[in-house]
Every structure is written in structure tokens, then in C-alpha cells.
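Listing of input_19.pdb, PDB, C-alpha atoms
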ATOM      1  CA  GLY G 104      71.646 -82.138  34.147  1.00  0.00           C
ATOM      2  CA  ARG G 105      68.813 -81.421  36.543  1.00  0.00           C
ATOM      3  CA  ARG G 106      66.191 -79.104  35.117  1.00  0.00           C
ATOM      4  CA  VAL G 107      62.779 -77.771  36.034  1.00  0.00           C
ATOM      5  CA  ILE G 108      60.369 -77.015  33.173  1.00  0.00           C
ATOM      6  CA  TRP G 109      57.197 -75.024  33.588  1.00  0.00           C
ATOM      7  CA  GLY G 110      54.780 -73.256  31.308  1.00  0.00           C
ATOM      8  CA  LEU G 111      52.384 -70.353  31.316  1.00  0.00           C
ATOM      9  CA  GLY G 112      50.006 -70.195  28.364  1.00  0.00           C
ATOM     10  CA  ASN G 113      52.054 -70.787  25.237  1.00  0.00           C
ATOM     11  CA  ALA G 114      55.342 -69.913  26.960  1.00  0.00           C
ATOM     12  CA  ILE G 115      57.706 -72.552  28.369  1.00  0.00           C
ATOM     13  CA  TRP G 116      60.629 -71.880  30.762  1.00  0.00           C
ATOM     14  CA  THR G 117      63.526 -74.188  31.629  1.00  0.00           C
ATOM     15  CA  TYR G 118      65.494 -73.718  34.866  1.00  0.00           C
ATOM     16  CA  ASP G 119      68.876 -75.479  35.014  1.00  0.00           C
ATOM     17  CA  LEU G 120      69.435 -76.453  38.675  1.00  0.00           C
ATOM     18  CA  ASP G 121      73.116 -77.401  38.207  1.00  0.00           C
ATOM     19  CA  ALA G 122      73.958 -74.107  36.495  1.00  0.00           C
ATOM     20  CA  ALA G 123      72.094 -72.227  39.191  1.00  0.00           C
ATOM     21  CA  LYS G 124      74.136 -74.063  41.849  1.00  0.00           C
ATOM     22  CA  VAL G 125      77.381 -73.014  40.131  1.00  0.00           C
ATOM     23  CA  VAL G 126      76.236 -69.396  40.009  1.00  0.00           C
ATOM     24  CA  GLU G 127      75.144 -69.547  43.658  1.00  0.00           C
ATOM     25  CA  ASP G 128      78.501 -71.010  44.741  1.00  0.00           C
ATOM     26  CA  SER G 129      80.297 -68.326  42.729  1.00  0.00           C
ATOM     27  CA  LEU G 130      78.255 -65.589  44.360  1.00  0.00           C
ATOM     28  CA  LYS G 131      78.952 -67.031  47.809  1.00  0.00           C
ATOM     29  CA  ALA G 132      82.687 -67.174  47.040  1.00  0.00           C
ATOM     30  CA  ASP G 133      82.606 -63.545  45.886  1.00  0.00           C
ATOM     31  CA  ALA G 134      80.762 -62.586  49.052  1.00  0.00           C
ATOM     32  CA  ARG G 135      83.385 -64.357  51.175  1.00  0.00           C
ATOM     33  CA  ARG G 136      86.190 -62.568  49.311  1.00  0.00           C
ATOM     34  CA  VAL G 137      84.475 -59.223  49.818  1.00  0.00           C
ATOM     35  CA  ALA G 138      83.981 -60.038  53.517  1.00  0.00           C
ATOM     36  CA  LEU G 139      87.672 -60.951  53.899  1.00  0.00           C
ATOM     37  CA  ILE G 140      88.754 -57.750  52.143  1.00  0.00           C
ATOM     38  CA  ARG G 141      86.471 -55.719  54.377  1.00  0.00           C
ATOM     39  CA  ALA G 142      87.748 -57.534  57.475  1.00  0.00           C
ATOM     40  CA  ASP G 143      91.363 -56.932  56.441  1.00  0.00           C
ATOM     41  CA  THR G 144      90.635 -53.282  55.720  1.00  0.00           C
ATOM     42  CA  THR G 145      88.843 -52.935  59.051  1.00  0.00           C
ATOM     43  CA  LYS G 146      91.813 -54.550  60.829  1.00  0.00           C
ATOM     44  CA  LYS G 147      94.260 -52.174  59.148  1.00  0.00           C
ATOM     45  CA  ASP G 148      92.038 -49.199  59.952  1.00  0.00           C
ATOM     46  CA  SER G 149      91.792 -50.349  63.571  1.00  0.00           C
ATOM     47  CA  LEU G 150      95.566 -50.740  63.832  1.00  0.00           C
ATOM     48  CA  ALA G 151      96.056 -47.327  62.246  1.00  0.00           C
ATOM     49  CA  ARG G 152      93.625 -45.780  64.732  1.00  0.00           C
ATOM     50  CA  ALA G 153      95.391 -47.554  67.626  1.00  0.00           C
ATOM     51  CA  ASP G 154      98.755 -46.303  66.408  1.00  0.00           C
ATOM     52  CA  SER G 155      97.335 -42.809  66.054  1.00  0.00           C
ATOM     53  CA  ILE G 156      95.933 -42.884  69.594  1.00  0.00           C
ATOM     54  CA  ALA G 157      99.200 -44.264  71.021  1.00  0.00           C
ATOM     55  CA  LYS G 158     101.167 -41.574  69.200  1.00  0.00           C
ATOM     56  CA  ALA G 159      98.862 -38.821  70.452  1.00  0.00           C
ATOM     57  CA  GLU G 160      99.202 -40.099  74.030  1.00  0.00           C
ATOM     58  CA  PHE G 161     102.996 -40.224  73.663  1.00  0.00           C
ATOM     59  CA  LEU G 162     103.206 -36.677  72.287  1.00  0.00           C
ATOM     60  CA  ALA G 163     100.925 -35.420  75.074  1.00  0.00           C
ATOM     61  CA  LYS G 164     103.581 -36.490  77.587  1.00  0.00           C
ATOM     62  CA  LEU G 165     106.137 -34.202  75.933  1.00  0.00           C
ATOM     63  CA  ILE G 166     105.427 -30.999  77.844  1.00  0.00           C
ATOM     64  CA  ARG G 167     106.789 -28.189  75.666  1.00  0.00           C
ATOM     65  CA  ARG G 168     107.655 -24.679  76.763  1.00  0.00           C
ATOM     66  CA  SER G 169     108.837 -21.595  74.927  1.00  0.00           C
ATOM     67  CA  GLY G 170     109.970 -18.193  76.155  1.00  0.00           C
ATOM     68  CA  LEU G 171     112.502 -17.725  78.953  1.00  0.00           C
ATOM     69  CA  ILE G 172     113.681 -21.112  80.247  1.00  0.00           C
ATOM     70  CA  GLU G 173     115.870 -21.464  83.326  1.00  0.00           C
ATOM     71  CA  LEU G 174     117.849 -24.699  83.392  1.00  0.00           C
ATOM     72  CA  ASP G 175     117.938 -26.829  86.535  1.00  0.00           C
ATOM     73  CA  GLY G 176     120.171 -25.377  89.202  1.00  0.00           C
ATOM     74  CA  GLY G 177     120.075 -21.948  87.581  1.00  0.00           C
ATOM     75  CA  MET G 178     123.205 -22.698  85.544  1.00  0.00           C
ATOM     76  CA  ALA G 179     121.834 -20.851  82.502  1.00  0.00           C
ATOM     77  CA  LYS G 180     118.780 -19.251  80.941  1.00  0.00           C
ATOM     78  CA  ILE G 181     117.569 -19.776  77.383  1.00  0.00           C
ATOM     79  CA  ASP G 182     115.165 -17.421  75.646  1.00  0.00           C
ATOM     80  CA  LEU G 183     113.295 -19.435  73.017  1.00  0.00           C
ATOM     81  CA  PRO G 184     111.019 -18.025  70.305  1.00  0.00           C
ATOM     82  CA  ALA G 185     107.627 -19.616  69.660  1.00  0.00           C
ATOM     83  CA  THR G 186     109.146 -21.660  66.826  1.00  0.00           C
ATOM     84  CA  LEU G 187     111.239 -23.648  69.311  1.00  0.00           C
ATOM     85  CA  SER G 188     110.144 -25.678  72.324  1.00  0.00           C
ATOM     86  CA  PHE G 189     112.005 -26.859  75.406  1.00  0.00           C
ATOM     87  CA  LEU G 190     111.613 -30.333  76.927  1.00  0.00           C
ATOM     88  CA  ASP G 191     112.751 -30.895  80.492  1.00  0.00           C
ATOM     89  CA  HIS G 192     114.778 -33.946  81.540  1.00  0.00           C
ATOM     90  CA  ASN G 193     111.771 -36.274  81.657  1.00  0.00           C
ATOM     91  CA  GLY G 194     110.459 -35.205  78.269  1.00  0.00           C
ATOM     92  CA  ALA G 195     113.900 -35.363  76.656  1.00  0.00           C
ATOM     93  CA  LYS G 196     114.569 -38.819  78.101  1.00  0.00           C
ATOM     94  CA  LEU G 197     111.177 -40.069  76.896  1.00  0.00           C
ATOM     95  CA  LEU G 198     111.745 -38.779  73.369  1.00  0.00           C
ATOM     96  CA  LEU G 199     115.371 -39.892  73.055  1.00  0.00           C
ATOM     97  CA  GLU G 200     114.884 -43.390  74.456  1.00  0.00           C
ATOM     98  CA  ASN G 201     111.281 -44.335  73.701  1.00  0.00           C
ATOM     99  CA  GLY G 202     110.699 -42.158  70.663  1.00  0.00           C
ATOM    100  CA  TRP G 203     114.055 -42.190  68.897  1.00  0.00           C
ATOM    101  CA  GLY G 204     115.156 -45.667  69.925  1.00  0.00           C
ATOM    102  CA  ASN G 205     118.218 -45.000  72.052  1.00  0.00           C
ATOM    103  CA  PRO G 206     119.065 -47.636  74.686  1.00  0.00           C
ATOM    104  CA  PRO G 207     117.637 -47.231  78.203  1.00  0.00           C
ATOM    105  CA  GLY G 208     119.828 -44.976  80.305  1.00  0.00           C
ATOM    106  CA  ALA G 209     121.317 -43.191  77.283  1.00  0.00           C
ATOM    107  CA  ALA G 210     119.624 -39.940  78.306  1.00  0.00           C
ATOM    108  CA  ASP G 211     120.071 -40.181  82.060  1.00  0.00           C
ATOM    109  CA  ASP G 212     122.439 -37.183  82.134  1.00  0.00           C
ATOM    110  CA  VAL G 213     120.462 -35.008  79.742  1.00  0.00           C
ATOM    111  CA  ILE G 214     119.282 -31.718  81.272  1.00  0.00           C
ATOM    112  CA  GLY G 215     116.766 -30.946  78.566  1.00  0.00           C
ATOM    113  CA  MET G 216     116.193 -30.670  74.858  1.00  0.00           C
ATOM    114  CA  ILE G 217     115.155 -28.091  72.277  1.00  0.00           C
ATOM    115  CA  ILE G 218     112.952 -29.190  69.364  1.00  0.00           C
ATOM    116  CA  PRO G 219     111.115 -27.306  66.592  1.00  0.00           C
ATOM    117  CA  THR G 220     107.564 -26.501  67.654  1.00  0.00           C
ATOM    118  CA  ASP G 221     105.816 -27.220  64.353  1.00  0.00           C
ATOM    119  CA  THR G 222     107.669 -30.426  63.449  1.00  0.00           C
ATOM    120  CA  ASP G 223     106.469 -33.904  64.407  1.00  0.00           C
ATOM    121  CA  PRO G 224     109.075 -35.169  66.931  1.00  0.00           C
ATOM    122  CA  LEU G 225     108.509 -38.714  65.640  1.00  0.00           C
ATOM    123  CA  GLY G 226     108.609 -37.788  61.951  1.00  0.00           C
ATOM    124  CA  ASP G 227     111.416 -38.153  59.441  1.00  0.00           C
ATOM    125  CA  GLU G 228     112.130 -34.408  59.521  1.00  0.00           C
ATOM    126  CA  SER G 229     112.539 -34.274  63.295  1.00  0.00           C
ATOM    127  CA  TRP G 230     115.669 -32.943  64.984  1.00  0.00           C
ATOM    128  CA  GLY G 231     116.655 -31.736  68.403  1.00  0.00           C
ATOM    129  CA  ILE G 232     119.334 -30.014  70.453  1.00  0.00           C
ATOM    130  CA  VAL G 233     120.351 -32.036  73.502  1.00  0.00           C
ATOM    131  CA  ILE G 234     121.559 -30.035  76.502  1.00  0.00           C
ATOM    132  CA  GLU G 235     124.062 -31.670  78.838  1.00  0.00           C
ATOM    133  CA  PHE G 236     126.507 -30.525  81.490  1.00  0.00           C
ATOM    134  CA  ASN G 237     129.911 -32.159  81.914  1.00  0.00           C
ATOM    135  CA  ASP G 238     131.981 -31.155  84.903  1.00  0.00           C
ATOM    136  CA  ASP G 239     135.233 -31.493  82.961  1.00  0.00           C
ATOM    137  CA  GLY G 240     136.794 -28.334  84.298  1.00  0.00           C
ATOM    138  CA  TYR G 241     138.083 -25.203  82.612  1.00  0.00           C
ATOM    139  CA  VAL G 242     139.864 -25.394  79.246  1.00  0.00           C
ATOM    140  CA  SER G 243     142.141 -22.463  78.488  1.00  0.00           C
ATOM    141  CA  ASP G 244     142.451 -20.880  75.053  1.00  0.00           C
ATOM    142  CA  LYS G 245     145.980 -22.260  74.805  1.00  0.00           C
ATOM    143  CA  ASP G 246     144.874 -25.828  75.587  1.00  0.00           C
ATOM    144  CA  ALA G 247     141.953 -25.612  73.176  1.00  0.00           C
ATOM    145  CA  ALA G 248     144.184 -24.341  70.380  1.00  0.00           C
ATOM    146  CA  GLU G 249     146.581 -27.257  70.890  1.00  0.00           C
ATOM    147  CA  MET G 250     143.985 -30.042  71.026  1.00  0.00           C
ATOM    148  CA  ASP G 251     144.709 -33.030  68.759  1.00  0.00           C
ATOM    149  CA  PHE G 252     141.348 -33.508  67.059  1.00  0.00           C
ATOM    150  CA  ASP G 253     142.542 -36.460  64.948  1.00  0.00           C
ATOM    151  CA  LYS G 254     143.419 -38.303  68.144  1.00  0.00           C
ATOM    152  CA  MET G 255     140.103 -37.246  69.635  1.00  0.00           C
ATOM    153  CA  LEU G 256     138.244 -38.699  66.620  1.00  0.00           C
ATOM    154  CA  LYS G 257     140.039 -42.044  66.928  1.00  0.00           C
ATOM    155  CA  GLU G 258     139.140 -42.208  70.623  1.00  0.00           C
ATOM    156  CA  MET G 259     135.499 -41.453  69.799  1.00  0.00           C
ATOM    157  CA  GLN G 260     135.470 -44.141  67.098  1.00  0.00           C
ATOM    158  CA  ALA G 261     136.948 -46.693  69.486  1.00  0.00           C
ATOM    159  CA  ALA G 262     134.358 -45.826  72.155  1.00  0.00           C
ATOM    160  CA  THR G 263     131.573 -46.140  69.584  1.00  0.00           C
ATOM    161  CA  GLU G 264     132.772 -49.577  68.478  1.00  0.00           C
ATOM    162  CA  GLU G 265     133.028 -50.674  72.092  1.00  0.00           C
ATOM    163  CA  SER G 266     129.441 -49.638  72.759  1.00  0.00           C
ATOM    164  CA  ASN G 267     128.162 -51.609  69.756  1.00  0.00           C
ATOM    165  CA  GLU G 268     128.563 -54.953  71.522  1.00  0.00           C
ATOM    166  CA  MET G 269     126.181 -53.851  74.257  1.00  0.00           C
ATOM    167  CA  ARG G 270     123.792 -52.277  71.735  1.00  0.00           C
ATOM    168  CA  ALA G 271     123.627 -55.525  69.752  1.00  0.00           C
ATOM    169  CA  GLU G 272     123.058 -57.613  72.893  1.00  0.00           C
ATOM    170  CA  GLU G 273     120.145 -55.370  73.873  1.00  0.00           C
ATOM    171  CA  GLY G 274     118.607 -55.565  70.395  1.00  0.00           C
ATOM    172  CA  TYR G 275     119.568 -52.095  69.156  1.00  0.00           C
ATOM    173  CA  GLU G 276     121.128 -51.354  65.782  1.00  0.00           C
ATOM    174  CA  THR G 277     124.860 -50.818  65.783  1.00  0.00           C
ATOM    175  CA  VAL G 278     126.341 -47.451  64.843  1.00  0.00           C
ATOM    176  CA  LYS G 279     129.578 -46.502  63.119  1.00  0.00           C
ATOM    177  CA  LEU G 280     131.327 -43.167  63.495  1.00  0.00           C
ATOM    178  CA  LEU G 281     132.463 -42.462  59.938  1.00  0.00           C
ATOM    179  CA  GLY G 282     134.380 -39.290  60.705  1.00  0.00           C
ATOM    180  CA  TRP G 283     133.978 -35.553  60.967  1.00  0.00           C
ATOM    181  CA  ALA G 284     131.097 -34.055  58.995  1.00  0.00           C
ATOM    182  CA  GLU G 285     132.590 -30.736  60.075  1.00  0.00           C
ATOM    183  CA  SER G 286     136.052 -30.595  61.557  1.00  0.00           C
ATOM    184  CA  PRO G 287     136.326 -29.128  65.082  1.00  0.00           C
ATOM    185  CA  LYS G 288     136.869 -25.388  65.360  1.00  0.00           C
ATOM    186  CA  TYR G 289     137.596 -23.305  68.447  1.00  0.00           C
ATOM    187  CA  ASP G 290     136.185 -19.795  68.720  1.00  0.00           C
ATOM    188  CA  ALA G 291     138.492 -17.892  71.069  1.00  0.00           C
ATOM    189  CA  GLN G 292     136.091 -14.932  71.366  1.00  0.00           C
ATOM    190  CA  THR G 293     133.126 -16.975  72.611  1.00  0.00           C
ATOM    191  CA  HIS G 294     135.249 -19.787  74.115  1.00  0.00           C
ATOM    192  CA  LYS G 295     133.266 -22.453  72.268  1.00  0.00           C
ATOM    193  CA  ILE G 296     134.282 -25.554  70.344  1.00  0.00           C
ATOM    194  CA  PHE G 297     132.149 -26.685  67.393  1.00  0.00           C
ATOM    195  CA  TRP G 298     132.209 -30.005  65.558  1.00  0.00           C
ATOM    196  CA  ALA G 299     129.905 -32.390  63.692  1.00  0.00           C
ATOM    197  CA  LYS G 300     130.115 -36.180  63.483  1.00  0.00           C
ATOM    198  CA  GLU G 301     128.797 -38.311  60.625  1.00  0.00           C
ATOM    199  CA  LEU G 302     127.175 -41.509  61.884  1.00  0.00           C
ATOM    200  CA  ALA G 303     125.895 -44.578  60.040  1.00  0.00           C
ATOM    201  CA  PHE G 304     123.204 -46.617  61.809  1.00  0.00           C
ATOM    202  CA  GLU G 305     122.745 -50.267  60.920  1.00  0.00           C
ATOM    203  CA  GLY G 306     119.870 -50.822  58.485  1.00  0.00           C
ATOM    204  CA  ASN G 307     119.532 -47.133  57.644  1.00  0.00           C
ATOM    205  CA  ASP G 308     120.479 -45.934  54.165  1.00  0.00           C
ATOM    206  CA  ASP G 309     120.826 -42.311  55.270  1.00  0.00           C
ATOM    207  CA  ASN G 310     123.660 -41.147  57.509  1.00  0.00           C
ATOM    208  CA  THR G 311     123.051 -39.028  60.593  1.00  0.00           C
ATOM    209  CA  LEU G 312     124.793 -35.758  61.412  1.00  0.00           C
ATOM    210  CA  ASN G 313     125.500 -35.118  65.072  1.00  0.00           C
ATOM    211  CA  TYR G 314     126.496 -31.510  65.784  1.00  0.00           C
ATOM    212  CA  ALA G 315     128.108 -30.557  69.084  1.00  0.00           C
ATOM    213  CA  VAL G 316     128.815 -27.196  70.673  1.00  0.00           C
ATOM    214  CA  ARG G 317     130.944 -27.145  73.807  1.00  0.00           C
ATOM    215  CA  ILE G 318     130.584 -23.936  75.810  1.00  0.00           C
TER     216      ILE G 318
END

C-alpha cells encoding of this file:
Amino acid sequence: GRRVIWGLGNAIWTYDLDAAKVVEDSLKADARRVALIRADTTKKDSLARADSIAKAEFLAKLIRRSGLIELDGGMAKIDLPATLSFLDHNGAKLLLENGWGNPPGAADDVIGMIIPTDTDPLGDESWGIVIEFNDDGYVSDKDAAEMDFDKMLKEMQAATEESNEMRAEEGYETVKLLGWAESPKYDAQTHKIFWAKELAFEGNDDNTLNYAVRI
């Protein structure tokens, strides 16, 4: 191989040029790998910061209020403790459609929404109460007591299946109504109907519970 030999007094040194080239190339390769790792880390950090900024801007648009809330049109008032926050129609629509992935227009008829104050609305532990008004008319105690909830479930399941075609066309996951998580009950004293549906969303291992209270 190529060598350089030099001496100083009685001492003689040999410098192997080929070996030095191998070491130099190895060091350059290591430096490139370190640079790539740093660049990848920097890219991930930048994306994480961008996601964090986008999330903060999104959450800032959700104007939350607690205390005495009067619904639009004065149809009702809700007195919320500090642990719960109210979102008006715009905030509820933004969260339901852009935050929680419901199709556009799904929240058009929503009056507002109640969410926990100290929980991240975009986190896995998030939940909310959606407030809607349906002008279905008055239901008497007698009619409520005689409602066929099995028939009602089948109609809901059919409507859910029908909506899946549109959801799939628009790029949203399909959903299946598995059944009642809690069978419907009518409270004659408060004139309210309670029920809970168990839903399975495509690609999600965990089922979703959808509770409803009709006043």
C-alpha cells in the first residue's frame, strides 16, 4: 500500500495512506448518518410543533362558557358548573365535524354542546352532550308507554346502513348500530325517554356508546 515514512532522531514513523483513507471515509459516512438522523429528528420535531400550533389554534376557536346559559330563542336555560363548558352552534359544529370527523352538514341542526372543561376535546377521553331540538310534537304518557322500541331499533339500524353508502363515498368510515347499550326507558314523572346505542365504527377496535335523552 501507499505509505509515508519519516524520522526524528532515532525514531521512525510510518503513515499508511490507504488505511487513513478508509478511516476518513468511515468517519465521513458516520457524519452523514448523524446528519440524516438529526435532519429526521428536526423534521419530526417541526411537524410536532406544527401539529401543536394547529391544535392550539383549533381549540382557541372553541369559545367555552360556564354558568347560566340561555339557549337560542330562549327555549331553555342551563346552569353549568365550572367543570362543564358550553359551546354554541358554531363551536359545536366545528368540533363535531372538523374535530371528531363527522361528515359536513352532520351538525347543521345542533343548537350547542356541553363538554368537560378540563378534558382535551380532541383527546381519547373526550365526550360531549349534543343539544338539539326536534319539532316532533307532543308525546303523551300513554303513547310513550306503548312505543315499540324493538321496531324503533330496527328503523334506526336501517337508517344507519342507508347512510353508510354516502359516508363511504365521501371518504368517511362506515358505522354499524349494534343494538341497545341501554334499553329505552320512559320516566312518566319527568316526561323523559332515555336510551343508549352501541355503535361500531369501521377501523376502530373500541365501540362507541351514544346516550340520548328526549325531553

Chain and number of each residue from the PyMOL selection byres ((chain G and resi 173) around 12), as an MDAnalysis selection string: chainID G and resid 168:172 174:183 189:191 214:215

Expected file contents, prior selection, C-alpha atoms, as a tab-separated table (two decimals), in the frame of the given file:
chain	number	residue	atom	x	y	z
G	168	ARG	CA	107.66	-24.68	76.76
G	169	SER	CA	108.84	-21.60	74.93
G	170	GLY	CA	109.97	-18.19	76.16
G	171	LEU	CA	112.50	-17.73	78.95
G	172	ILE	CA	113.68	-21.11	80.25
G	174	LEU	CA	117.85	-24.70	83.39
G	175	ASP	CA	117.94	-26.83	86.54
G	176	GLY	CA	120.17	-25.38	89.20
G	177	GLY	CA	120.08	-21.95	87.58
G	178	MET	CA	123.20	-22.70	85.54
G	179	ALA	CA	121.83	-20.85	82.50
G	180	LYS	CA	118.78	-19.25	80.94
G	181	ILE	CA	117.57	-19.78	77.38
G	182	ASP	CA	115.16	-17.42	75.65
G	183	LEU	CA	113.30	-19.43	73.02
G	189	PHE	CA	112.00	-26.86	75.41
G	190	LEU	CA	111.61	-30.33	76.93
G	191	ASP	CA	112.75	-30.90	80.49
G	214	ILE	CA	119.28	-31.72	81.27
G	215	GLY	CA	116.77	-30.95	78.57

Spatial neighbours of Asn313 (chain G), max dist 10 Å, all atoms listed in the file, sep filter under 6 positions, as JSON, numbers by chain: {"G": [232, 283, 284, 285, 298, 299, 300, 301, 302]}

Point-to-point distance from CA of Asp154 (chain G) to CA of Asp227 (chain G), Å rounded to tenths: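 For CA of Asp154 (chain G) relative to CA of Asp227 (chain G), the distance reads 16.6 Å.
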
Contacts of Ile296 (chain G) at 10 Å (all atoms listed in the file; same-chain gap of 4+ positions) as a list of chain:residue names: G:Ala247, G:Ala248, G:Pro287, G:Lys288, G:Tyr289, G:Asp290, G:Ala291, G:Ala315, G:Val316, G:Arg317, G:Ile318

Selected residue of minimal separation from Asp223 (chain G) among G:Asp244, G:Ala159, G:Asp211, G:Glu249, counting only C-alpha atoms: G:Ala159

Assuming the chain letters and numbering stay as they are in my file, what does the PyMOL selection byres ((chain G and resi 279) around 6) actually select? List them as a PDB file with C-alpha atoms, in the coordinates of the input.
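Generated file (part_31.pdb):
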ATOM      1  CA  VAL G 278     126.341 -47.451  64.843  1.00  0.00           C
ATOM      2  CA  LEU G 280     131.327 -43.167  63.495  1.00  0.00           C
ATOM      3  CA  LEU G 281     132.463 -42.462  59.938  1.00  0.00           C
ATOM      4  CA  LEU G 302     127.175 -41.509  61.884  1.00  0.00           C
ATOM      5  CA  ALA G 303     125.895 -44.578  60.040  1.00  0.00           C
TER       6      ALA G 303
END

Pick from G:Glu268, G:Arg167, G:Gly204, G:Gly194, whichever lies nearest to Pro219 (chain G) using all atoms listed in the file: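 Checking each candidate against Pro219 (chain G), we get G:Arg167 as the closest.
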
Answer key for the PyMOL selection byres ((chain G and resi 306) around 10), residues as a PyMOL selection string: chain G and resi 276-278+303-305+307-309

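For the pair CA of Glu265 (chain G) and CA of Ala210 (chain G), the interatomic distance is 18.3 Å.
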
Å distance separating CA of Glu272 (chain G) from CA of Asn310 (chain G), one decimal place: 22.5 Å

G:Phe297, G:Phe161, G:Arg270, G:Ile166 ranked by distance to Gly208 (chain G), top pick (using only C-alpha atoms): G:Arg270

G:Ala271, G:Gly231, G:Ser266, G:Phe252 ranked by distance to Ala209 (chain G), top pick (using all atoms listed in the file):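 The answer is G:Ser266, which sits nearest to Ala209 (chain G).
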
Residue among G:Gly274, G:Gly202, G:Pro207, G:Gly282 lying closest to Lys254 (chain G), counting all atoms listed in the file: G:Gly282

Minimum-distance residue to Lys164 (chain G), chosen among G:Asn237, G:Ser229, G:Asn201, G:Gln260 (using only C-alpha atoms): G:Asn201

Residue contacts of Phe236 (chain G) (9 Å, all atoms listed in the file) excluding same-chain residues fewer than 3 positions away, as a ChimeraX atom specification: /G:212-214,239

Given the block above, output region 197-215 of chain G with N, CA and C atoms as a JSON list (two decimals), in the first residue's frame.
[["chain", "number", "residue", "atom", "x", "y", "z"],
["G", 197, "LEU", "N", -68.01, 22.94, 14.65],
["G", 197, "LEU", "CA", -66.57, 22.84, 14.38],
["G", 197, "LEU", "C", -65.98, 21.59, 15.03],
["G", 198, "LEU", "N", -66.34, 21.35, 16.28],
["G", 198, "LEU", "CA", -65.80, 20.19, 16.99],
["G", 198, "LEU", "C", -66.34, 18.88, 16.42],
["G", 199, "LEU", "N", -67.63, 18.80, 16.18],
["G", 199, "LEU", "CA", -68.23, 17.56, 15.71],
["G", 199, "LEU", "C", -67.77, 17.18, 14.30],
["G", 200, "GLU", "N", -67.65, 18.17, 13.42],
["G", 200, "GLU", "CA", -67.32, 17.88, 12.03],
["G", 200, "GLU", "C", -65.81, 17.91, 11.77],
["G", 201, "ASN", "N", -65.13, 18.95, 12.21],
["G", 201, "ASN", "CA", -63.71, 19.06, 11.94],
["G", 201, "ASN", "C", -62.84, 18.36, 12.98],
["G", 202, "GLY", "N", -63.33, 18.33, 14.22],
["G", 202, "GLY", "CA", -62.53, 17.71, 15.27],
["G", 202, "GLY", "C", -62.79, 16.22, 15.42],
["G", 203, "TRP", "N", -64.05, 15.84, 15.37],
["G", 203, "TRP", "CA", -64.42, 14.44, 15.61],
["G", 203, "TRP", "C", -64.72, 13.66, 14.34],
["G", 204, "GLY", "N", -64.57, 14.30, 13.19],
["G", 204, "GLY", "CA", -64.63, 13.57, 11.93],
["G", 204, "GLY", "C", -65.99, 13.20, 11.40],
["G", 205, "ASN", "N", -67.04, 13.92, 11.82],
["G", 205, "ASN", "CA", -68.35, 13.66, 11.24],
["G", 205, "ASN", "C", -68.46, 14.36, 9.88],
["G", 206, "PRO", "N", -69.28, 13.82, 8.98],
["G", 206, "PRO", "CA", -69.40, 14.42, 7.64],
["G", 206, "PRO", "C", -69.90, 15.86, 7.70],
["G", 207, "PRO", "N", -69.54, 16.67, 6.71],
["G", 207, "PRO", "CA", -70.03, 18.05, 6.65],
["G", 207, "PRO", "C", -71.56, 18.08, 6.64],
["G", 208, "GLY", "N", -72.12, 18.97, 7.42],
["G", 208, "GLY", "CA", -73.57, 19.09, 7.49],
["G", 208, "GLY", "C", -74.19, 18.24, 8.58],
["G", 209, "ALA", "N", -73.40, 17.34, 9.19],
["G", 209, "ALA", "CA", -73.96, 16.45, 10.22],
["G", 209, "ALA", "C", -74.42, 17.22, 11.45],
["G", 210, "ALA", "N", -73.83, 18.39, 11.68],
["G", 210, "ALA", "CA", -74.16, 19.16, 12.88],
["G", 210, "ALA", "C", -74.91, 20.44, 12.56],
["G", 211, "ASP", "N", -75.51, 20.50, 11.39],
["G", 211, "ASP", "CA", -76.21, 21.72, 10.99],
["G", 211, "ASP", "C", -77.35, 22.08, 11.94],
["G", 212, "ASP", "N", -78.02, 21.07, 12.51],
["G", 212, "ASP", "CA", -79.19, 21.32, 13.36],
["G", 212, "ASP", "C", -78.86, 21.34, 14.85],
["G", 213, "VAL", "N", -77.59, 21.26, 15.16],
["G", 213, "VAL", "CA", -77.18, 21.25, 16.57],
["G", 213, "VAL", "C", -77.29, 22.66, 17.16],
["G", 214, "ILE", "N", -77.93, 22.77, 18.31],
["G", 214, "ILE", "CA", -78.05, 24.07, 18.99],
["G", 214, "ILE", "C", -76.75, 24.41, 19.71],
["G", 215, "GLY", "N", -76.20, 23.44, 20.38],
["G", 215, "GLY", "CA", -74.99, 23.65, 21.15],
["G", 215, "GLY", "C", -74.48, 22.33, 21.68]]
